[in-house]
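> Below are the structure tokens for one structure; questions will follow.
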Amino acid sequence: MTAVQNYIDANRDRFLEELMEWLRIPSVSADSKYQQDVRRAAVFLAEKLTQAGADNVEICETAGHPIVYGEKIIDPALPTVLVYGHYDVQPPDPIDLWESGPFDPIIKKTAVHPDGAIFARGSCDDKGQVYMHVKAFEAMMANDALPCNVKFMVEGEEEVGSDNLGTFCKENTDKLRADVVLISDTSVIANDVPSITIGLRGLSYVEVEVIGPNRDLHSGVYGGGVANPINILSSMIASLQDENNRITIPGFYDDVVELSSDERAEMAKAPFDLRSYQQDLDVGTVRGEAGYSTLERTSIRPTLDVNGMWGGYIGEGAKTVLPSKAYAKISMRLVPNQNSDKITALFTEHFNRIAPPSVKVKVTPHHGGEPAVTPTDTPEYLAAHKAMEQTYGKSPIPVRGGGSIPIVALFEDVLQVKSVLMGFGLDSDDIHSPNEHYGVFNFYKGIETIPHFYSYYAELK
Ligand code: BES
Ligand code: MN
Ligand code: MN
């Protein structure tokens, strides 16, 4: 392992420069104007995988953005690790709030990243974390130290719901055959508090439309006489949570798995400082479902949030108008045993039921995904645990994550293979937000930890 470490040490600057070059390609999957850039990002990755020593590297076409595949099979008798990640990124908006260009990566020091952090869209989610795997692989290959087989599958549609990855997996079950999926697309508690994500929430996402009068009206001439769809939508949304901040949709909690008091006590051991959490977000106090801690509310409990809401006049100055329509995008995070299709159906039924007769409503489902929990008594969990223990000098804490990676449940269904979520970001890295960044420390820590994962896994499996 020292040869691998020496190689990493000798190539640190180049690794970082290459990542910065990749981050300059705006691989925004949601916006078709970036379609060619998304492809360029795939080609860049494919080239780097080939250079690192991967065989059969391919840009696999899909109905949407391509999937990058590559592999190194050293001995079919050895276990195989499937590395999954995504090279697509969220749109950079709102662009005005970036202190430097979202696709002009720069390194700046911050309070939690005294060694510097790379500021760019995708630096943490997920190009920076995918690139750690490519460089760890390169380091192992260059030193003849790859202890098991490896397959890479990196998609370009994670941020838009992985619509085509399911089909790709179903059509390529042999090619993708593996003993475990290794994913770095989550976070650690802090740079001196390593952790491993052992659960992810599912997602149900809907768009709603409330339709009032057949055209925009003068809010003086007609105001008071007909329903204002924005007023109606606001009160409908407000009614979706009660005074305990519990979701009022009938049946919403029916399938939720409640944690035992032992499990909750175990969870409460993870370090969490409410004061600095509030300070960081500049909020006077937190808010959430009664009876649960902030850590619980953001991981083991389901939620409902408006992600965007619009209608009427939103331009400069005042325009008196009674709008014809109002819209909102609503996400519901789901926890184990809830099912996204079922929750979407419950939402739709409820939303139609609570609409007053003065308006019409329309609910359109978007992509969803199922929650996942990963067991901790497996060779892969133990390998991740030992690898992090080795490089951080501390035992990592198992934690349930609040975000969603719907493909994890799908891997279990379609490929019958479990995942291990060994991510290296920080929750404060502002993924999906302006000024997303990724610690230089975290980037190198990932590169150093991954080879240990491979050797422990080969040993334990
Ligand atoms: N990497 C995130 C998910 C994540 C972030 C999990 C932090 C745990 C901790 C992923 O790229 C993501 O953003 N997922 C989306 C869901 C997807 C269907 C668009 C999400 O969670 O909103
Ligand atoms: Mn991600
Ligand atoms: Mn994301």
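Each chain in the structure tokens gets a letter, A, B and so on, in the order shown; residues start at 1 in every chain, and ligands are counted from 1 in the order they appear.
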Within 7 Å of ligand 1 (counting only C-alpha atoms and all ligand atoms), which residues show up? I'd like them as a list in words.

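Those within range of ligand 1 are Asp125, Asp126, Glu158, Glu159, Val160, Gly161, Asp185, Thr186, Ser187, Leu200, Leu203, His367, Gly368, Gly369, Gly401, Gly402, Gly403, Ser404, Ile405, Pro406 and Asp427 of chain A.
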
> Save the residues we just selected, C-alpha atoms, as a short mmCIF file (atom, residue, chain, number, x, y, z; two decimals), in the first residue's frame?


```cif
data_model
loop_
_atom_site.label_atom_id
_atom_site.label_comp_id
_atom_site.auth_asym_id
_atom_site.auth_seq_id
_atom_site.Cartn_x
_atom_site.Cartn_y
_atom_site.Cartn_z
CA ASP A 125 -21.86 16.37 -6.34
CA ASP A 126 -20.55 14.31 -7.94
CA GLU A 158 -28.76 11.31 -11.93
CA GLU A 159 -29.86 14.87 -11.28
CA VAL A 160 -32.86 14.43 -13.56
CA GLY A 161 -34.08 11.11 -12.19
CA ASP A 185 -22.06 10.61 -3.55
CA THR A 186 -22.82 11.36 0.10
CA SER A 187 -21.10 13.09 2.99
CA LEU A 200 -31.16 7.15 1.88
CA LEU A 203 -38.61 10.73 -3.29
CA HIS A 367 -39.57 11.29 -11.29
CA GLY A 368 -39.53 9.48 -7.99
CA GLY A 369 -37.39 6.94 -6.25
CA GLY A 401 -28.76 10.20 5.06
CA GLY A 402 -31.53 12.59 4.10
CA GLY A 403 -30.91 12.82 0.36
CA SER A 404 -31.95 10.37 -2.32
CA ILE A 405 -30.06 8.17 -4.74
CA PRO A 406 -32.98 6.23 -6.23
CA ASP A 427 -23.31 18.69 4.28
#
```

> Taking only range 101-182 of chain A into account, list the residues labelled strand (DSSP E) by DSSP (computed from the backbone), as an mmCIF file with C-alpha atoms, in the first residue's frame.


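Generated output (states17.cif):
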```cif
data_model
loop_
_atom_site.group_PDB
_atom_site.id
_atom_site.type_symbol
_atom_site.label_atom_id
_atom_site.label_comp_id
_atom_site.auth_asym_id
_atom_site.auth_seq_id
_atom_site.Cartn_x
_atom_site.Cartn_y
_atom_site.Cartn_z
ATOM 1 C CA ILE A 106 -11.027 28.139 -8.088
ATOM 2 C CA ILE A 107 -9.559 27.084 -4.763
ATOM 3 C CA LYS A 108 -10.384 29.149 -1.701
ATOM 4 C CA ALA A 117 -11.900 23.925 -1.286
ATOM 5 C CA ILE A 118 -12.604 23.765 -5.013
ATOM 6 C CA PHE A 119 -15.531 26.044 -5.825
ATOM 7 C CA ASN A 149 -11.981 -6.660 -10.346
ATOM 8 C CA VAL A 150 -13.564 -3.320 -10.963
ATOM 9 C CA LYS A 151 -16.296 -2.008 -13.226
ATOM 10 C CA PHE A 152 -17.178 1.662 -13.611
ATOM 11 C CA MET A 153 -20.637 2.865 -14.513
ATOM 12 C CA VAL A 154 -20.990 6.623 -14.394
ATOM 13 C CA GLU A 155 -24.237 8.148 -15.596
ATOM 14 C CA VAL A 180 -21.010 -4.890 -4.487
ATOM 15 C CA VAL A 181 -21.711 -1.363 -5.717
ATOM 16 C CA LEU A 182 -19.388 1.299 -4.323
#
```

> At a cut-off of 12 Å, using only C-alpha atoms, what residues contact range 47-63 of chain A? Leave out same-chain residues fewer than 2 positions from it and give the result as an MDAnalysis selection string.

chainID A and resid 15 18:19 21:22 38:45 65:74 130:144 146 149:157 162:169 171:172 175

> According to DSSP computed on the backbone, where in range 160-255 of chain A is there alpha helix (DSSP H)? Give the residues as a PyMOL selection string.

chain A and resi 165-171+229-238

> Can you tell me which residues surround range 189-193 of chain A at a distance of at most 9 Å, considering only C-alpha atoms, apart from same-chain residues fewer than 4 positions away, and format the answer as a PyMOL selection string?

chain A and resi 112-113+270-272+392+394-397+399+424-427+441-442

> Please produce an output containing N, CA, C and O atoms for each residue in the selection, written as a short mmCIF file (atom, residue, chain, number, x, y, z; two decimals), in the first residue's frame.


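Contents of the output file out-v8.cif:
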```cif
data_model
loop_
_atom_site.label_atom_id
_atom_site.label_comp_id
_atom_site.auth_asym_id
_atom_site.auth_seq_id
_atom_site.Cartn_x
_atom_site.Cartn_y
_atom_site.Cartn_z
N VAL A 112 -14.31 25.69 7.44
CA VAL A 112 -14.26 24.23 7.60
C VAL A 112 -13.28 23.56 6.65
O VAL A 112 -13.00 22.37 6.78
N HIS A 113 -12.76 24.34 5.69
CA HIS A 113 -11.77 23.78 4.75
C HIS A 113 -10.50 24.64 4.77
O HIS A 113 -10.22 25.36 3.80
N ALA A 270 -24.52 10.33 17.45
CA ALA A 270 -23.76 11.05 16.43
C ALA A 270 -23.64 12.51 16.86
O ALA A 270 -24.61 13.10 17.31
N PRO A 271 -22.44 13.06 16.74
CA PRO A 271 -22.27 14.44 17.18
C PRO A 271 -23.12 15.40 16.35
O PRO A 271 -23.16 15.29 15.13
N PHE A 272 -23.82 16.29 17.02
CA PHE A 272 -24.64 17.29 16.32
C PHE A 272 -24.78 18.49 17.22
O PHE A 272 -25.23 18.38 18.36
N TYR A 392 -8.48 7.90 8.46
CA TYR A 392 -8.89 9.00 9.34
C TYR A 392 -8.34 8.81 10.76
O TYR A 392 -8.41 9.72 11.57
N LYS A 394 -9.77 7.03 12.96
CA LYS A 394 -10.95 7.00 13.83
C LYS A 394 -11.99 6.09 13.20
O LYS A 394 -12.08 6.03 11.98
N SER A 395 -12.83 5.49 14.04
CA SER A 395 -13.90 4.65 13.50
C SER A 395 -15.01 5.52 12.90
O SER A 395 -15.48 6.45 13.56
N PRO A 396 -15.43 5.22 11.68
CA PRO A 396 -16.55 5.97 11.11
C PRO A 396 -17.88 5.59 11.78
O PRO A 396 -18.06 4.46 12.20
N ILE A 397 -18.77 6.57 11.87
CA ILE A 397 -20.08 6.37 12.49
C ILE A 397 -21.11 6.07 11.40
O ILE A 397 -21.15 6.77 10.39
N VAL A 399 -24.53 6.46 9.66
CA VAL A 399 -25.62 7.44 9.72
C VAL A 399 -26.60 7.26 8.56
O VAL A 399 -26.22 6.87 7.47
N PHE A 424 -17.52 11.40 0.70
CA PHE A 424 -16.50 12.20 1.39
C PHE A 424 -16.82 13.68 1.45
O PHE A 424 -16.00 14.48 1.89
N GLY A 425 -18.02 14.09 1.00
CA GLY A 425 -18.38 15.50 1.05
C GLY A 425 -18.75 15.93 2.47
O GLY A 425 -18.67 15.15 3.41
N LEU A 426 -19.12 17.19 2.60
CA LEU A 426 -19.67 17.69 3.86
C LEU A 426 -21.06 18.25 3.55
O LEU A 426 -21.29 18.77 2.45
N ASP A 427 -21.98 18.14 4.51
CA ASP A 427 -23.31 18.69 4.28
C ASP A 427 -23.25 20.19 3.98
O ASP A 427 -24.11 20.74 3.31
N PHE A 441 -8.86 18.59 1.00
CA PHE A 441 -8.61 17.52 1.97
C PHE A 441 -9.50 16.32 1.68
O PHE A 441 -9.04 15.18 1.67
N ASN A 442 -10.79 16.60 1.42
CA ASN A 442 -11.75 15.52 1.18
C ASN A 442 -11.43 14.76 -0.10
O ASN A 442 -11.54 13.53 -0.15
#
```

> Within 8 Å of range 238-240 of chain A, counting only C-alpha atoms, which residues qualify if same-chain residues fewer than 5 places away don't, as a PDB file with C-alpha atoms, in the first residue's frame?


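As written to disk, selection_3.pdb reads:
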```
ATOM      1  CA  ILE A 247     -48.241  15.751   7.013  1.00  0.00           C
ATOM      2  CA  THR A 248     -52.034  15.648   6.797  1.00  0.00           C
ATOM      3  CA  ILE A 249     -52.422  13.473   3.701  1.00  0.00           C
TER       4      ILE A 249
END
```

> To one decimal place, how far is CA of Glu17 in chain A from CA of Val4 in chain A in Å?

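Value for the CA of Glu17 in chain A-CA of Val4 in chain A distance: 19.4 Å.
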
> Which one is closest to ligand 2: A:Val361, A:Ile183, A:Ala387, A:Ala3? Count only C-alpha atoms and all ligand atoms.

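Among A:Val361, A:Ile183, A:Ala387, A:Ala3, it is A:Ile183 that comes nearest to ligand 2.
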
> For Val83 in chain A, which residue out of A:Leu304, A:Gly224, A:Gln129, A:Asp9 is the nearest one, using only C-alpha atoms?

A:Gln129

> Give me, please, the distance in Å between CA of Val210 in chain A and CA of Gln241 in chain A, quoted to one decimal.

18.8 Å

> What's the 9 Å shell around Asp93 in chain A, counting only C-alpha atoms, without same-chain residues fewer than 3 positions away, as an mmCIF file with N, CA and C atoms, in the first residue's frame?


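The new file selection.cif reads:
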```cif
data_model
loop_
_atom_site.group_PDB
_atom_site.id
_atom_site.type_symbol
_atom_site.label_atom_id
_atom_site.label_comp_id
_atom_site.auth_asym_id
_atom_site.auth_seq_id
_atom_site.Cartn_x
_atom_site.Cartn_y
_atom_site.Cartn_z
ATOM 1 N N GLN A 90 -26.189 19.742 -11.332
ATOM 2 C CA GLN A 90 -27.387 20.572 -11.239
ATOM 3 C C GLN A 90 -27.164 21.879 -12.003
ATOM 4 N N ASP A 96 -26.374 34.674 -10.106
ATOM 5 C CA ASP A 96 -25.905 35.928 -9.487
ATOM 6 C C ASP A 96 -25.320 35.715 -8.099
ATOM 7 N N LEU A 97 -25.731 34.626 -7.459
ATOM 8 C CA LEU A 97 -25.278 34.417 -6.084
ATOM 9 C C LEU A 97 -23.931 33.697 -5.991
ATOM 10 N N TRP A 98 -23.347 33.354 -7.130
ATOM 11 C CA TRP A 98 -22.017 32.733 -7.118
ATOM 12 C C TRP A 98 -20.949 33.822 -6.964
ATOM 13 N N HIS A 432 -26.037 21.594 -4.947
ATOM 14 C CA HIS A 432 -27.287 22.118 -5.543
ATOM 15 C C HIS A 432 -27.457 23.624 -5.282
ATOM 16 N N SER A 433 -26.598 24.248 -4.518
ATOM 17 C CA SER A 433 -26.738 25.666 -4.172
ATOM 18 C C SER A 433 -25.643 26.472 -4.871
ATOM 19 N N PRO A 434 -25.757 27.805 -4.818
ATOM 20 C CA PRO A 434 -24.646 28.613 -5.318
ATOM 21 C C PRO A 434 -23.392 28.336 -4.477
#
```

> To one decimal in Å, tell me the separation between CA of Val420 in chain A and CA of Tyr381 in chain A.

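Between these atoms lies a distance of 6.3 Å.
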
> Name the closest residue to Leu421 in chain A among the candidates A:Thr344, A:Arg246, A:Asp305, A:Gly199; distances are taken between atoms, counting only C-alpha atoms.

A:Gly199
